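One structure below.
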2 protein chains.
Amino acid sequence: MVMNMTDNEQKPNSNTKKYRTPDGVPADIVMFTLTKRERKTVTKTLPIRELKVMLIRRRSWPCAGMWALPGGFCRESESIYDAAKRELKEETGVDGGHLEYLGVYSTPGRDPRGWIISQAFYALVEEWMLEHRQAADDAEEVGLFTIEEALEELELAFDHRDIILDAYRKIQHQMLQTTIAKQFLPEHFTLSELYQVIQTVVPEFKEPNFIRKITSTRSRQGILEEVRDENGKPLNSNQYSQRPAQLYRFTDHAPLLSIYT
Amino acid sequence: MVMNMTDNEQKPNSNTKKYRTPDGVPADIVMFTLTKRERKTVTKTLPIRELKVMLIRRRSWPCAGMWALPGGFCRESESIYDAAKRELKEETGVDGGHLEYLGVYSTPGRDPRGWIISQAFYALVEEWMLEHRQAADDAEEVGLFTIEEALEELELAFDHRDIILDAYRKIQHQMLQTTIAKQFLPEHFTLSELYQVIQTVVPEFKEPNFIRKITSTRSRQGILEEVRDENGKPLNSNQYSQRPAQLYRFTDHAPLLSIYT
DNA sequence: AGAATAGTGTCTTTCAGACAGTATAAG
DNA sequence: CTTATACTGTCTGAAAGACACTATTCT
């Protein structure tokens with residue numbers, strides 16, 4: 001590589017080693033999934049949903065025995081995002097899933113192995129994608145935890161608690177302001193399902209007239225649309241209820257909100 | 001440093017150099033400022049405001065002669081955020097200013113000097129803070145450009161065009177959804193000033209009944225409050241208008257928006 | 001008086017929020 | 001017939017949006 005070190009602003013150091021360089025830049029991924037568990041009741045009902053995080057128990061130094069985020073070091077030939085995508089695929093065996101950048105974690109001393117600058121991502125995957133991992137990789141213990149368990153009961157490696165907390169806040173924010181809810185729903189869904197998904201991720205979200213508001217206010221038009229068959233007849237589902245409910249899908253429109261209007 | 005490389009997930013490399021490590025992790029800063037220019041009219045009026053970006057013309061390889069974001073390499077003893085803060089202070093000579101993380105830029109080959117992973121920030125500073133830089137540093141040419149100039153007319157170094165574009169989008173988003181407008185305003189301001197600041201950053205923002213909405217709708221209560229003197233009498237300003245206008249200040253409350261409610 | 005900016009009155013349409021009532025289907 | 005979920009009717013008060021009108025000050 002040609003080097004010319006007269007620039008007084010940015011001094012790289014790959015050959016001269018005049019300056020210390022980082023020992024590695026891993027991509028760590030907070031992998032969220034929404035589990036679905038049948039409720040054993042007499043009548044049809046929505047399943048119980050829970051937001052969970054996948055963690056891996058470390059087997060070696062440092063932080064041996066503690067739970068950590070899956071991750072891997074970035075290579076020179078790829079971008080950080082590509083590294084995260086590769087890692088996500090390695091963990092799930094699948095290409096799918098929503099992957100988004102979260103932030104950088106670089107506090108000095110955060111990793112005893114050296115100067116390690118973590119780039120954090122979060123992913124939304126489906127539950128079955130994680131079963132692959134649990135089966136395939138016998139080398140490591142894999143666990144699915146609720147956020148509360150992960151944040152309060154587990155011993156977490158490095159600063160991974162901070163990362164998980166930041167990811168949790170971000171996903172809550174995004175759940176209310178973007179249409180990522182679609183990542184947790186089938187193509188067609190009922191409004192009760194949507195409401196449940198939102199509430200699972202953001203328990204504070206309460207909206208007594210949810211169905212009414214979605215269906216009848218003009219400013220919400222365009223986020224969702226009714227699903228109809230070829231003849232234009234509305235499509236229903238009674239999978240989770242006695243009375244069939246109208247099915248909806250997301251459009252690709254998401255409104256831009258403002259605190260001033 | 002003790003090293004134990006049995007972990008098959010994360011392999012650092014500071015001593016063994018078995019793996020290639022990055023050649024440097026700089027913090028690059030998109031420094032925005034809102035310039036104020038008096039309009040030469042007969043009557044009192046609001047000044048002309050413009051959103052500008054500070055850039056530095058590079059003097060040496062690589063990208064010599066091109067305009068680039070100010071930035072500097074992170075040291076092992078500091079976090080990325082601290083590096084950005086240090087850089088901001090070096091550029092302005094002042095500790096103040098709003099500094100926020102933007103994202104990571106790591107496309108392979110983005111910097112001909114090697115494997116350089118940029119961490120981008122954006123800062124909101126006041127115009128006078130930049131004058132310091134222009135005077136003090138005779139070594140480098142400093143320029144203030146509008147976003148349009150920066151994005152369309154200038155030859156920009158590395159992938160700094162992408163970074164500036166991302167920063168611009170983010171600041172527009174933040175202007176509508178948070179109260180960063182306060183970074184561009186004095187402690188006390190009139191609603192016309194606020195409206196002008198928002199429109200300067202987000203030209204699409206149009207709100208004919210702006211004053212009415214801010215002052216009379218309950219959901220906006222709490223973002224702003226009227227400024228009053230010790231006796232509880234409303235404080236006015238006629239700095240920019242014939243008729244005195246009520247002064248406001250931001251509270252520290254910012255509402256959380258949702259596309260569903 | 002005229003100009004320029006700050007704000008108010010008023011009217012219509014839409015939305016929010018509450019809560020009772022009806023609709024559809026399963027057991 | 002009961003129960004459980006999915007809606008709809010209806011009413012009140014708040015907010016949006018438009019536009020004419022008044023208010024305060026400077027020249």
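Chains: A, B, ... in order of the structure tokens. Residues: from 1 per chain. Ligands: from 1, in order shown.
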
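For chain A, the residues within 12 Å of chain D are Thr41, Val42, Thr43, Lys44, Thr45, Leu46, Thr190, Leu191, Ser192, Asn209, Phe210, Ile211, Arg212, Thr215, Ser216, Ser219, Asn236, Ser237, Asn238, Gln239, Tyr240, Ser241, Gln242, Arg243, Pro244, Ala245, Gln246, Leu247 and Thr261 of chain A, with only C-alpha atoms (C1' of nucleotides) used to measure distance.
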
I want to know what sits within 7 Å of Thr35 (chain B), based on only C-alpha atoms (C1' of nucleotides), with residues of the same chain fewer than 5 positions away left out; could you give that as a list in words? Arg49, Glu50, Leu51 and Glu127 of chain B

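Every chain C residue lying within 9 Å of chain A, based on only C-alpha atoms (C1' of nucleotides), is listed here: DT14, DC15, DA16, DG17, DA23, DT24, DA25, DA26 and DG27 of chain C.
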
Can you check which residues of region 136-220 of chain B DSSP gives as strand (DSSP E) on the backbone and send them as a ChimeraX atom specification? /B:142-146,189-190

Using the chain letters and numbers from this document, which residues of region 107-141 of chain B does DSSP assign to helix (DSSP H, G or I), as a VMD selection string? chain B and resid 127 to 136

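When only C-alpha atoms are used to measure the gap to chain A, the shortest distance among B:Leu151, B:Leu176, B:Val201, B:Leu256 belongs to B:Leu176.
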
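Of the listed residues (A:Pro203, A:Pro186, A:Gly222, A:Pro255), A:Pro255 comes nearest to chain B; the distances count only C-alpha atoms.
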
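Counting only C-alpha atoms and comparing A:Pro70, A:Pro26, A:Gly232, A:Gly65, the residue that lies closest to Thr92 (chain A) is A:Pro70.
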
Would you please work out which residue, of A:Cys74, A:Leu194, A:Met66, A:Ala150, is nearest to Asp23 (chain A) when using only C-alpha atoms? A:Cys74

Would you mind listing what lies within 7 Å of Ala254 (chain A) as a VMD selection string, with only C-alpha atoms (C1' of nucleotides) counted and same-chain residues fewer than 6 positions away left out? chain A and resid 178 to 179 223

Shortest interatomic distance to chain A - which of B:Leu224, B:Thr21, B:Val142, B:Glu100, counting only C-alpha atoms: B:Thr21

Just the residues within 9 Å of Pro22 (chain B), please, counting only C-alpha atoms (C1' of nucleotides), with nothing from its chain fewer than 2 positions along; format it as an MDAnalysis selection string. (chainID A and resid 14 21:25 75:76) or (chainID B and resid 20 24:25 114:117)

Could the residues in this selection be saved with all heavy atoms as an mmCIF file, in the first residue's frame?
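As written to disk, result04.cif reads:
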```cif
data_model
loop_
_atom_site.group_PDB
_atom_site.id
_atom_site.type_symbol
_atom_site.label_atom_id
_atom_site.label_comp_id
_atom_site.auth_asym_id
_atom_site.auth_seq_id
_atom_site.Cartn_x
_atom_site.Cartn_y
_atom_site.Cartn_z
ATOM 1 N N SER A 14 -0.832 1.541 9.178
ATOM 2 C CA SER A 14 -0.809 0.111 8.969
ATOM 3 C C SER A 14 0.601 -0.418 8.745
ATOM 4 O O SER A 14 0.896 -1.540 9.115
ATOM 5 C CB SER A 14 -1.698 -0.255 7.793
ATOM 6 O OG SER A 14 -1.087 0.181 6.606
ATOM 7 N N THR A 21 -3.206 0.796 16.736
ATOM 8 C CA THR A 21 -4.462 0.619 16.014
ATOM 9 C C THR A 21 -5.339 -0.376 16.767
ATOM 10 O O THR A 21 -4.841 -1.168 17.560
ATOM 11 C CB THR A 21 -4.223 0.088 14.595
ATOM 12 O OG1 THR A 21 -3.570 -1.174 14.684
ATOM 13 C CG2 THR A 21 -3.364 1.048 13.788
ATOM 14 N N PRO A 22 -6.642 -0.326 16.535
ATOM 15 C CA PRO A 22 -7.541 -1.230 17.248
ATOM 16 C C PRO A 22 -7.193 -2.691 16.983
ATOM 17 O O PRO A 22 -6.666 -3.038 15.920
ATOM 18 C CB PRO A 22 -8.913 -0.882 16.669
ATOM 19 C CG PRO A 22 -8.786 0.509 16.179
ATOM 20 C CD PRO A 22 -7.376 0.624 15.688
ATOM 21 N N ASP A 23 -7.518 -3.537 17.956
ATOM 22 C CA ASP A 23 -7.224 -4.960 17.831
ATOM 23 C C ASP A 23 -8.344 -5.720 17.136
ATOM 24 O O ASP A 23 -8.214 -6.920 16.893
ATOM 25 C CB ASP A 23 -6.989 -5.554 19.222
ATOM 26 C CG ASP A 23 -5.770 -4.946 19.885
ATOM 27 O OD1 ASP A 23 -4.768 -4.754 19.185
ATOM 28 O OD2 ASP A 23 -5.832 -4.653 21.092
ATOM 29 N N GLY A 24 -9.412 -5.022 16.843
ATOM 30 C CA GLY A 24 -10.485 -5.714 16.148
ATOM 31 C C GLY A 24 -11.772 -4.939 16.243
ATOM 32 O O GLY A 24 -11.994 -4.197 17.192
ATOM 33 N N VAL A 25 -12.604 -5.098 15.204
ATOM 34 C CA VAL A 25 -13.893 -4.411 15.159
ATOM 35 C C VAL A 25 -14.961 -5.460 14.860
ATOM 36 O O VAL A 25 -15.215 -5.769 13.712
ATOM 37 C CB VAL A 25 -13.892 -3.307 14.083
ATOM 38 C CG1 VAL A 25 -15.265 -2.659 13.987
ATOM 39 C CG2 VAL A 25 -12.847 -2.249 14.414
ATOM 40 N N ARG A 75 -14.015 -8.369 8.582
ATOM 41 C CA ARG A 75 -12.820 -8.583 7.759
ATOM 42 C C ARG A 75 -12.568 -7.357 6.892
ATOM 43 O O ARG A 75 -13.475 -6.566 6.649
ATOM 44 C CB ARG A 75 -13.020 -9.807 6.863
ATOM 45 C CG ARG A 75 -13.285 -11.059 7.665
ATOM 46 C CD ARG A 75 -13.734 -12.187 6.744
ATOM 47 N NE ARG A 75 -14.147 -13.337 7.534
ATOM 48 C CZ ARG A 75 -14.925 -14.313 7.067
ATOM 49 N NH1 ARG A 75 -15.382 -14.261 5.827
ATOM 50 N NH2 ARG A 75 -15.253 -15.314 7.849
ATOM 51 N N GLU A 76 -11.344 -7.279 6.405
ATOM 52 C CA GLU A 76 -10.991 -6.095 5.633
ATOM 53 C C GLU A 76 -11.802 -5.985 4.342
ATOM 54 O O GLU A 76 -12.061 -4.902 3.848
ATOM 55 C CB GLU A 76 -9.497 -6.120 5.290
ATOM 56 C CG GLU A 76 -9.029 -4.811 4.697
ATOM 57 C CD GLU A 76 -7.551 -4.841 4.334
ATOM 58 O OE1 GLU A 76 -6.955 -5.914 4.409
ATOM 59 O OE2 GLU A 76 -7.019 -3.770 3.986
ATOM 60 N N ARG B 20 -5.725 -9.667 10.190
ATOM 61 C CA ARG B 20 -5.540 -8.272 9.853
ATOM 62 C C ARG B 20 -6.456 -7.434 10.741
ATOM 63 O O ARG B 20 -7.592 -7.791 11.006
ATOM 64 C CB ARG B 20 -5.938 -8.109 8.385
ATOM 65 C CG ARG B 20 -5.829 -6.731 7.852
ATOM 66 C CD ARG B 20 -4.798 -6.663 6.745
ATOM 67 N NE ARG B 20 -4.894 -5.375 6.092
ATOM 68 C CZ ARG B 20 -4.567 -4.235 6.687
ATOM 69 N NH1 ARG B 20 -4.129 -4.264 7.934
ATOM 70 N NH2 ARG B 20 -4.672 -3.087 6.049
ATOM 71 N N GLY B 24 -7.128 2.113 11.430
ATOM 72 C CA GLY B 24 -7.494 3.300 12.191
ATOM 73 C C GLY B 24 -8.995 3.498 12.201
ATOM 74 O O GLY B 24 -9.695 3.084 11.285
ATOM 75 N N VAL B 25 -9.453 4.114 13.286
ATOM 76 C CA VAL B 25 -10.877 4.386 13.436
ATOM 77 C C VAL B 25 -11.049 5.864 13.769
ATOM 78 O O VAL B 25 -10.986 6.244 14.927
ATOM 79 C CB VAL B 25 -11.502 3.497 14.534
ATOM 80 C CG1 VAL B 25 -12.968 3.840 14.738
ATOM 81 C CG2 VAL B 25 -11.351 2.030 14.191
ATOM 82 N N GLY B 114 -5.814 2.668 3.557
ATOM 83 C CA GLY B 114 -5.882 1.369 4.209
ATOM 84 C C GLY B 114 -7.272 1.063 4.700
ATOM 85 O O GLY B 114 -8.266 1.542 4.158
ATOM 86 N N TRP B 115 -7.314 0.259 5.740
ATOM 87 C CA TRP B 115 -8.590 -0.192 6.289
ATOM 88 C C TRP B 115 -9.014 0.799 7.372
ATOM 89 O O TRP B 115 -8.637 0.658 8.535
ATOM 90 C CB TRP B 115 -8.421 -1.600 6.844
ATOM 91 C CG TRP B 115 -9.712 -2.213 7.317
ATOM 92 C CD1 TRP B 115 -10.969 -1.720 7.180
ATOM 93 C CD2 TRP B 115 -9.847 -3.453 8.007
ATOM 94 N NE1 TRP B 115 -11.886 -2.578 7.738
ATOM 95 C CE2 TRP B 115 -11.221 -3.647 8.254
ATOM 96 C CE3 TRP B 115 -8.932 -4.427 8.428
ATOM 97 C CZ2 TRP B 115 -11.699 -4.777 8.923
ATOM 98 C CZ3 TRP B 115 -9.422 -5.545 9.089
ATOM 99 C CH2 TRP B 115 -10.789 -5.720 9.331
ATOM 100 N N ILE B 116 -9.747 1.795 6.959
ATOM 101 C CA ILE B 116 -10.129 2.892 7.844
ATOM 102 C C ILE B 116 -11.638 2.868 8.047
ATOM 103 O O ILE B 116 -12.397 2.992 7.083
ATOM 104 C CB ILE B 116 -9.721 4.250 7.240
ATOM 105 C CG1 ILE B 116 -8.257 4.241 6.809
ATOM 106 C CG2 ILE B 116 -10.043 5.374 8.204
ATOM 107 C CD1 ILE B 116 -7.282 4.466 7.909
ATOM 108 N N ILE B 117 -12.049 2.704 9.281
ATOM 109 C CA ILE B 117 -13.472 2.637 9.611
ATOM 110 C C ILE B 117 -13.886 3.943 10.284
ATOM 111 O O ILE B 117 -13.523 4.199 11.420
ATOM 112 C CB ILE B 117 -13.755 1.443 10.539
ATOM 113 C CG1 ILE B 117 -13.408 0.136 9.823
ATOM 114 C CG2 ILE B 117 -15.212 1.455 10.980
ATOM 115 C CD1 ILE B 117 -13.480 -1.092 10.715
#
```

List the spatial neighbours of Asp82 (chain A) as a list in words - criterion: any atom at most 12 Å away, only C-alpha atoms (C1' of nucleotides), same-chain residues fewer than 6 positions off excluded. Pro26, Ala27, Gly72, Phe73, Cys74, Arg75, Glu76, Leu88, Lys89, Asp95, Leu99, Glu100, Tyr101, Gln119 and Phe121 of chain A; Tyr105, Ser106, Thr107 and Pro108 of chain B

How far is it from CA of Ile180 (chain A) to CA of Ile164 (chain A), in Å with one decimal? 18.1 Å
